[in-house]
$ cat data00.txt   # compact mmCIF, C-alpha atoms
# COMPACT_ATOMS: atom_id res chain seq x y z
CA MET A 1 197.11 36.21 7.46
CA ASN A 2 196.82 32.44 7.19
CA SER A 3 197.21 30.08 10.12
CA TYR A 4 200.76 29.08 9.18
CA LYS A 5 201.95 32.69 9.36
CA ALA A 6 200.13 33.11 12.67
CA VAL A 7 201.96 30.09 14.09
CA ALA A 8 205.30 31.36 12.76
CA TRP A 9 204.80 34.84 14.24
CA SER A 10 203.71 33.41 17.58
CA ALA A 11 206.90 31.27 17.63
CA VAL A 12 208.94 34.43 17.03
CA LEU A 13 207.08 36.29 19.79
CA VAL A 14 207.45 33.42 22.29
CA SER A 15 211.18 33.21 21.52
CA LEU A 16 211.60 36.96 22.00
CA ALA A 17 209.68 36.81 25.28
CA LEU A 18 211.91 33.96 26.48
CA LEU A 19 215.03 35.93 25.54
CA VAL A 20 214.11 38.88 27.74
CA LEU A 21 212.47 36.84 30.52
CA PRO A 22 215.47 36.84 32.95
CA ARG A 23 215.49 40.64 32.61
CA ILE A 24 211.79 40.93 33.49
CA VAL A 25 211.64 38.15 36.11
CA PRO A 26 215.18 38.19 37.55
CA ILE A 27 216.98 35.03 38.60
CA CYS A 28 219.19 34.81 41.73
CA THR A 29 221.66 37.69 41.62
CA GLY A 30 223.71 36.68 44.65
CA LEU A 31 227.08 34.99 44.58
CA THR A 32 228.35 31.89 46.35
CA LYS A 33 230.96 32.04 49.12
CA THR A 34 233.69 31.49 46.56
CA GLY A 35 232.44 34.47 44.52
CA SER A 36 231.15 32.41 41.59
CA PRO A 37 227.57 32.79 40.28
CA MET A 38 224.86 30.51 41.60
CA GLN A 39 223.76 27.35 39.80
CA CYS A 40 220.74 28.94 38.11
CA HIS A 41 222.96 31.51 36.37
CA PHE A 42 224.53 28.84 34.18
CA ALA A 43 221.17 27.20 33.45
CA PHE A 44 219.74 30.48 32.19
CA GLN A 45 222.85 31.30 30.16
CA ALA A 46 222.27 27.98 28.38
CA GLU A 47 218.56 28.83 28.03
CA PHE A 48 219.51 32.12 26.37
CA LEU A 49 221.62 30.41 23.70
CA ILE A 50 218.96 27.77 23.02
CA THR A 51 216.29 30.48 22.77
CA LEU A 52 218.49 32.44 20.36
CA LEU A 53 218.53 29.41 18.07
CA ALA A 54 214.76 29.03 18.48
CA LEU A 55 214.32 32.69 17.47
CA ILE A 56 216.40 32.21 14.33
CA LEU A 57 214.48 29.07 13.36
CA SER A 58 211.14 30.72 14.12
CA GLY A 59 212.06 33.55 11.78
CA ALA A 60 213.10 30.97 9.21
CA LEU A 61 209.52 29.65 9.22
CA LEU A 62 208.54 32.94 7.56
CA VAL A 63 211.29 32.76 4.95
CA LEU A 64 211.33 29.09 3.95
CA ARG A 65 209.21 28.14 0.94
CA THR A 66 209.22 24.38 0.50
CA ALA A 67 207.03 22.23 2.71
CA GLU A 68 209.92 19.93 3.65
CA ALA A 69 212.02 22.81 4.92
CA LYS A 70 209.10 24.19 6.94
CA PHE A 71 208.47 20.71 8.32
CA LEU A 72 212.09 20.36 9.40
CA ALA A 73 212.17 23.85 10.95
CA GLY A 74 208.99 23.11 12.89
CA PHE A 75 210.46 19.85 14.14
CA VAL A 76 213.67 21.53 15.35
CA ILE A 77 211.63 24.28 17.06
CA LEU A 78 209.69 21.54 18.84
CA LEU A 79 212.96 19.94 20.00
CA LEU A 80 214.37 23.30 21.14
CA GLY A 81 211.18 23.93 23.14
CA LEU A 82 211.68 20.57 24.83
CA VAL A 83 215.30 21.48 25.65
CA ILE A 84 214.10 24.76 27.17
CA VAL A 85 211.73 22.78 29.40
CA ILE A 86 214.40 20.20 30.27
CA ILE A 87 217.30 22.49 31.22
CA PRO A 88 215.83 23.78 34.53
CA GLN A 89 215.01 20.24 35.68
CA PRO A 90 217.15 18.97 38.59
CA TRP A 91 218.35 15.98 36.56
CA ALA A 92 219.63 18.33 33.83
CA LEU A 93 221.41 21.62 34.65
CA GLY A 94 218.92 22.48 37.39
CA LEU A 95 218.20 25.57 39.44
CA CYS A 96 219.24 26.59 42.97
CA GLU A 97 218.30 23.92 45.49
CA ASP A 98 217.20 26.27 48.26
CA GLY A 99 214.33 27.69 46.18
CA GLY A 100 215.45 31.19 45.28
CA ALA A 101 214.05 33.74 42.86
CA CYS A 102 215.18 31.59 39.95
CA HIS A 103 212.34 29.13 40.51
CA ARG A 104 209.79 31.78 39.56
CA THR A 105 211.75 32.53 36.38
CA GLY A 106 212.02 28.79 35.75
CA PHE A 107 208.24 28.48 36.03
CA PHE A 108 207.66 31.07 33.30
CA GLU A 109 210.51 29.61 31.26
CA THR A 110 208.80 26.22 31.36
CA ILE A 111 205.53 27.77 30.20
CA GLY A 112 207.35 29.53 27.35
CA GLY A 113 209.12 26.31 26.39
CA ALA A 114 205.81 24.47 26.31
CA LEU A 115 204.34 27.21 24.09
CA LEU A 116 207.32 26.87 21.78
CA VAL A 117 206.68 23.11 21.61
CA LEU A 118 203.06 23.85 20.67
CA THR A 119 204.09 26.30 17.94
CA GLY A 120 206.57 23.74 16.62
CA LEU A 121 203.79 21.16 16.55
CA GLY A 122 201.54 23.66 14.77
CA ALA A 123 204.18 24.36 12.14
CA LEU A 124 204.67 20.61 11.69
CA TRP A 125 200.96 20.04 11.29
CA LEU A 126 200.34 22.92 8.90
CA SER A 127 203.35 22.20 6.69
CA ARG A 128 202.28 18.55 6.58
CA LYS A 129 198.89 19.67 5.27
CA THR A 130 200.59 21.80 2.64
CA GLU A 131 202.69 18.84 1.61
CA VAL A 132 199.60 16.65 1.15
CA GLU A 133 197.95 19.30 -1.01
CA MET B 1 213.59 37.91 1.65
CA THR B 2 215.79 35.20 0.22
CA LEU B 3 217.18 32.41 2.36
CA LYS B 4 220.78 33.56 1.87
CA ARG B 5 219.99 37.03 3.07
CA TYR B 6 218.05 35.62 6.01
CA LEU B 7 221.02 33.43 6.97
CA ALA B 8 223.29 36.48 6.94
CA VAL B 9 220.85 38.36 9.19
CA ALA B 10 220.53 35.28 11.44
CA PHE B 11 224.31 35.08 11.82
CA ILE B 12 224.43 38.75 12.83
CA VAL B 13 221.58 38.13 15.30
CA PHE B 14 223.50 35.19 16.75
CA VAL B 15 226.73 37.18 17.13
CA VAL B 16 224.85 40.07 18.75
CA GLY B 17 223.15 37.59 21.09
CA ALA B 18 226.50 36.05 22.04
CA ALA B 19 227.83 39.55 22.75
CA VAL B 20 224.81 40.28 24.93
CA LEU B 21 225.41 37.02 26.78
CA TYR B 22 229.08 37.89 27.29
CA SER B 23 228.34 41.37 28.58
CA GLY B 24 225.60 40.11 30.91
CA LEU B 25 222.88 42.37 29.51
CA ASN B 26 220.50 39.42 29.29
CA ARG B 27 220.12 39.18 33.06
CA ALA B 28 219.90 41.31 36.17
CA PRO B 29 223.30 42.45 37.50
CA PHE B 30 224.94 40.52 40.33
CA ARG B 31 224.47 41.64 43.91
CA TYR B 32 227.79 41.81 45.75
CA ASN B 33 226.42 42.49 49.26
CA GLY B 34 228.93 45.23 49.92
CA HIS B 35 232.00 43.14 49.25
CA VAL B 36 233.82 42.44 46.06
CA PRO B 37 235.01 38.84 45.54
CA GLY B 38 238.77 38.55 45.74
CA HIS B 39 239.04 41.75 47.75
CA LYS B 40 241.54 41.88 50.63
CA HIS B 41 238.77 42.17 53.20
CA ASP B 42 237.47 38.73 52.23
CA SER B 43 240.52 37.09 53.77
CA SER B 44 239.96 38.45 57.25
CA ARG B 45 241.38 36.31 60.05
CA LEU B 46 239.12 37.68 62.73
CA GLU B 47 237.92 34.77 64.85
CA THR B 48 234.61 34.67 66.57
CA VAL B 49 234.46 34.02 70.32
CA LEU B 50 231.75 31.89 71.82
CA LEU B 51 229.93 33.58 74.65
CA THR B 52 230.00 30.35 76.69
CA GLN B 53 233.79 30.37 76.64
CA LEU B 54 234.08 33.83 78.19
CA GLN B 55 235.46 33.93 81.72
CA PRO B 56 233.88 36.26 84.28
CA ILE B 57 236.11 39.17 85.20
CA ALA B 58 236.38 40.16 88.85
CA VAL B 59 235.49 43.81 89.28
CA SER B 60 236.12 45.60 92.55
CA PRO B 61 233.22 47.64 94.00
CA GLU B 62 235.24 50.88 93.67
CA ARG B 63 235.72 50.30 89.93
CA SER B 64 232.17 49.18 89.24
CA GLY B 65 230.83 52.71 89.05
CA ARG B 66 228.34 52.19 91.88
CA TYR B 67 229.13 54.36 94.93
CA GLU B 68 226.67 54.01 97.82
$ encode --input "data00.txt" --output "structure tokens"
Amino acid sequence: MNSYKAVAWSAVLVSLALLVLPRIVPICTGLTKTGSPMQCHFAFQAEFLITLLALILSGALLVLRTAEAKFLAGFVILLLGLVIVIIPQPWALGLCEDGGACHRTGFFETIGGALLVLTGLGALWLSRKTEVE
Amino acid sequence: MTLKRYLAVAFIVFVVGAAVLYSGLNRAPFRYNGHVPGHKHDSSRLETVLLTQLQPIAVSPERSGRYE
């Protein structure tokens, strides 16, 4: 297995791990006084959709053949990883202010997003090398 | 696998993911704390009474339960 395939598979694995993360490390399950879900619920629903796109693009790294397409897919994976890191920030969607269980999930989500950024960078770098050759 | 076939699989994956999101399988279930939102018991009009606002009630010695 060459390094490009290793990067692509690790992007797939990181995306899958991020998809099931709120199941393994649960977010706040309580409701507000009005009966609506807490703030972190909406942030992690958005994270799920973004991670779903990251999973599809990570799989595409294994299917795409031209260097330009791989380069573009790596770049979009990098951007999606950044979005995953940004969403839990208080100036974006944010998590619960009183520091509930969601902050622990957000911590692991941030680590996963950073790993996805690294895999995107790796795919960029390796497809750039292929393009030069 | 060709790109067209992968895109078809990716679309199915996306639709399944959206269904999972809709059904709430992607997260732990909500905790209702014994009450269901919108239930009739949520609109209780029971008012709390401050202990400082209670007036002492005069009790006669015969009714106090202490016979000496």
$ interface_residues --input "data00.txt" --of "chain B" --to "chain A" --cutoff "9 Å" --atoms "only C-alpha atoms" --output "PDB file with C-alpha atoms, in the coordinates of the input"
ATOM      1  CA  MET B   1     213.590  37.910   1.650  1.00  0.00           C
ATOM      2  CA  THR B   2     215.790  35.200   0.220  1.00  0.00           C
ATOM      3  CA  LEU B   3     217.180  32.410   2.360  1.00  0.00           C
ATOM      4  CA  TYR B   6     218.050  35.620   6.010  1.00  0.00           C
ATOM      5  CA  LEU B   7     221.020  33.430   6.970  1.00  0.00           C
ATOM      6  CA  ALA B  10     220.530  35.280  11.440  1.00  0.00           C
ATOM      7  CA  PHE B  11     224.310  35.080  11.820  1.00  0.00           C
ATOM      8  CA  VAL B  13     221.580  38.130  15.300  1.00  0.00           C
ATOM      9  CA  PHE B  14     223.500  35.190  16.750  1.00  0.00           C
ATOM     10  CA  GLY B  17     223.150  37.590  21.090  1.00  0.00           C
ATOM     11  CA  ALA B  18     226.500  36.050  22.040  1.00  0.00           C
ATOM     12  CA  LEU B  21     225.410  37.020  26.780  1.00  0.00           C
ATOM     13  CA  LEU B  25     222.880  42.370  29.510  1.00  0.00           C
ATOM     14  CA  ASN B  26     220.500  39.420  29.290  1.00  0.00           C
ATOM     15  CA  ARG B  27     220.120  39.180  33.060  1.00  0.00           C
ATOM     16  CA  ALA B  28     219.900  41.310  36.170  1.00  0.00           C
ATOM     17  CA  PRO B  29     223.300  42.450  37.500  1.00  0.00           C
ATOM     18  CA  PHE B  30     224.940  40.520  40.330  1.00  0.00           C
ATOM     19  CA  ARG B  31     224.470  41.640  43.910  1.00  0.00           C
ATOM     20  CA  TYR B  32     227.790  41.810  45.750  1.00  0.00           C
ATOM     21  CA  ASN B  33     226.420  42.490  49.260  1.00  0.00           C
ATOM     22  CA  VAL B  36     233.820  42.440  46.060  1.00  0.00           C
ATOM     23  CA  PRO B  37     235.010  38.840  45.540  1.00  0.00           C
ATOM     24  CA  GLY B  38     238.770  38.550  45.740  1.00  0.00           C
TER      25      GLY B  38
END
$ residues_around --input "data00.txt" --residues "Glu47 of chain A" --least-positions-apart "3" --cutoff "10 Å" --atoms "only C-alpha atoms" --output "PyMOL selection string"
chain A and resi 18-19+22+41-44+50-53+80+83-88+109+113
$ closest_residue --input "data00.txt" --among "A:Leu82, A:Leu95, A:Leu124, A:Val76" --to "Phe107 of chain A" --atoms "only C-alpha atoms"
A:Leu95
$ atom_distance --input "data00.txt" --atom1 "atom CA of Glu68 of chain A" --atom2 "atom CA of Ser127 of chain A"
7.6 Å
